[in-house]
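Shown next, in structure tokens, is the structure this report addresses.
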Amino acid sequence: MKIDRIETFVTHVGRRNLVFVKVSTDQGLHGIGEAYSVGPDLATVAAIEDLASWIAGEDPRRIEHLWALMYNGTRFPPGPTILSAISGIEHALWDIKGKALGVPVWQLLGGAVRDRIRVYQNPGGRTPEETAERAVALIEQYGYSALKIGPHPAGSDSLPWAAVVRGAAARMKALRDAVGPDVDIGLDPHAKIWEPVRALQMARAVAEYDPYFFEEPIRPENIDAMSAFKRQCPVPVATGECLYTKFEFRELLAREAADIIQPDVCLMGGLLEMKKVAAMAEAHYVMVAPHNPMGPVATAVNVHFCVSTPNVAVLEYTPDDTGQRREIVQEPLVVKDGYIDLPTKPGLGIEIDERACARYPYAPWRRTNAVRPDGSIGFN
């Protein structure tokens, strides 16, 4: 079996582009993958097209070999654009291998360690009351036992910090009062807090409401700062969505800078690389809660990872059974009672609808709110 063709399908869904990869073989099998939407999404498409010329004619089942060929062949350690391209291609190779052998991908990753995957969703909401109301509705609809919210109150960029902290506590209190003590609630400031001391103030303000984790409380580049913060934080610290490969996670784990890691399978190097990182985390007694804000294919890949990985805690999820997301795949995975059941189809068990993707073409995407009114830089 040889790789015959690699295609990309870029479709704009919600607020971002989804970049799907289709790898076809000379024996009629094909595989589907998804690359991360890093911002310059056409650059990711160009990287996929270039990498396609590197692996054309190769056996798609030699996944470790082809990953090393693409990663090491870039000469310099790859960044997010190249690694997103590699990740999307790598997913498709697993899909092909599973289809060729007639088994779901999780069977090739060591078999199932659980028969369903717990997932969580962000209810959104501008006010504490709206967030609480939406959360209750989601629990009634999907049966979630876990949620995640952004702690910052509306208009936080122009508020004094003390007001931001009070607003975060008010959001957490309203949500905890609404959903009760047994629903896990993650907090995600999206790395908008620059100073560790400010992040610590927020963590202490919300600690009484028992957050499940505090995600990316500060930016991820300075591992020493993250490690020092974790030692003082009264809430479990989660991070990892911006880190790539085993090499960057090695540093994070060695410095004991997180209680939970959140690698993104569409960005950090693919499925096998994430398995390796999870094994490293297991040896450090660290749990894994994959970052998963992308499309339905990304969810499918993550589910196969979670099924076969012992130290997975919970998976981020965006419903794929409504709207545009439902249109672009033939049969999405669905949530029942807060869980996704174990997939049973060969490969990843998901296919995109190419014609539906074409109905929602690429649209430019950029951070329009990166510069705040006072001239400082923030990220949402």
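Following the order of the structure tokens, first chain is A, next is B, and so on, with residues numbered from 1 inside each chain and ligands from 1 in the order they appear.
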Task: Neighbour list for His304 (chain A) as a ChimeraX atom specification, cut-off 9 Å, only C-alpha atoms, skip fewer than 6 positions in-chain - done: /A:104-107,109,112,271,342-343,348
TODO: Write out as a PyMOL selection string the residues lying within 12 Å of Pro153 (chain A), counting only C-alpha atoms and excluding same-chain residues fewer than 3 positions away.
DONE: chain A and resi 124-131+149-150+156-172+189
TODO: Tell me which of A:Asn72, A:Gln121, A:Ser87, A:Ser24 sits closest to Gly57 (chain A), counting only C-alpha atoms.
DONE: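 Using only C-alpha atoms, the shortest distance to Gly57 (chain A) belongs to A:Ser24.
Using only C-alpha atoms, the shortest contact distance between Ile139 (chain A) and any of A:Phe249, A:Tyr339, A:Phe9, A:Trp54 is found at A:Tyr339.
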Open item on the list: If we count only C-alpha atoms and set the cut-off at 8 Å, which residues sit around Val235 (chain A), ignoring sequence neighbours fewer than 4 positions away in its own chain? Please answer as number ranges by chain.
Closed with: A: 203-204, 207, 210-214
Task: Residue nearest Asp337 (chain A) among A:Ala146, A:Cys266, A:Cys306, A:Leu93 (counting only C-alpha atoms) - done: A:Ala146
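Minimum atom-to-atom distance to Pro346 (chain A), evaluated using only C-alpha atoms, belongs to A:Ala100 out of A:Ala258, A:Glu316, A:Val265, A:Ala100.
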TODO: Find, counting only C-alpha atoms, the residue in A:Thr318, A:Ser227, A:Ser145, A:Gln232 that gets nearest to Asn122 (chain A).
DONE: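 That would be A:Thr318, the residue with the smallest distance to Asn122 (chain A).
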TODO: Considering only C-alpha atoms, return as a VMD selection string whatever protein or nucleic-acid residues lie within 9 Å of His30 (chain A), sequence-local ones (same chain, fewer than 6 positions apart) excluded.
DONE: chain A and resid 22 to 24 92 to 93 95 to 96 99
Just N, CA, C and O atoms for this one: save the residues we selected as a PDB file, in the first residue's frame.
```pdb
ATOM      1  N   LYS A  22      -7.137  14.764   4.029  1.00  0.00           N
ATOM      2  CA  LYS A  22      -7.543  13.464   3.483  1.00  0.00           C
ATOM      3  C   LYS A  22      -6.355  12.832   2.787  1.00  0.00           C
ATOM      4  O   LYS A  22      -5.811  13.401   1.833  1.00  0.00           O
ATOM      5  N   VAL A  23      -5.912  11.686   3.276  1.00  0.00           N
ATOM      6  CA  VAL A  23      -4.808  10.933   2.683  1.00  0.00           C
ATOM      7  C   VAL A  23      -5.399   9.724   1.969  1.00  0.00           C
ATOM      8  O   VAL A  23      -6.080   8.909   2.592  1.00  0.00           O
ATOM      9  N   SER A  24      -5.138   9.607   0.664  1.00  0.00           N
ATOM     10  CA  SER A  24      -5.651   8.480  -0.136  1.00  0.00           C
ATOM     11  C   SER A  24      -4.507   7.560  -0.534  1.00  0.00           C
ATOM     12  O   SER A  24      -3.347   7.993  -0.639  1.00  0.00           O
ATOM     13  N   ALA A  92      -4.727  10.957   9.840  1.00  0.00           N
ATOM     14  CA  ALA A  92      -5.231  10.253   8.658  1.00  0.00           C
ATOM     15  C   ALA A  92      -4.509   8.916   8.455  1.00  0.00           C
ATOM     16  O   ALA A  92      -5.108   7.940   7.996  1.00  0.00           O
ATOM     17  N   LEU A  93      -3.220   8.853   8.804  1.00  0.00           N
ATOM     18  CA  LEU A  93      -2.477   7.598   8.683  1.00  0.00           C
ATOM     19  C   LEU A  93      -3.043   6.544   9.635  1.00  0.00           C
ATOM     20  O   LEU A  93      -3.176   5.367   9.282  1.00  0.00           O
ATOM     21  N   ASP A  95      -6.120   6.458  10.686  1.00  0.00           N
ATOM     22  CA  ASP A  95      -7.422   6.096  10.132  1.00  0.00           C
ATOM     23  C   ASP A  95      -7.266   5.024   9.049  1.00  0.00           C
ATOM     24  O   ASP A  95      -8.010   4.031   9.016  1.00  0.00           O
ATOM     25  N   ILE A  96      -6.274   5.216   8.181  1.00  0.00           N
ATOM     26  CA  ILE A  96      -6.003   4.226   7.133  1.00  0.00           C
ATOM     27  C   ILE A  96      -5.607   2.886   7.736  1.00  0.00           C
ATOM     28  O   ILE A  96      -6.108   1.823   7.331  1.00  0.00           O
ATOM     29  N   LYS A  99      -8.578   1.078   9.232  1.00  0.00           N
ATOM     30  CA  LYS A  99      -9.460   0.565   8.172  1.00  0.00           C
ATOM     31  C   LYS A  99      -8.828  -0.650   7.485  1.00  0.00           C
ATOM     32  O   LYS A  99      -9.521  -1.632   7.168  1.00  0.00           O
TER      33      LYS A  99
END
```
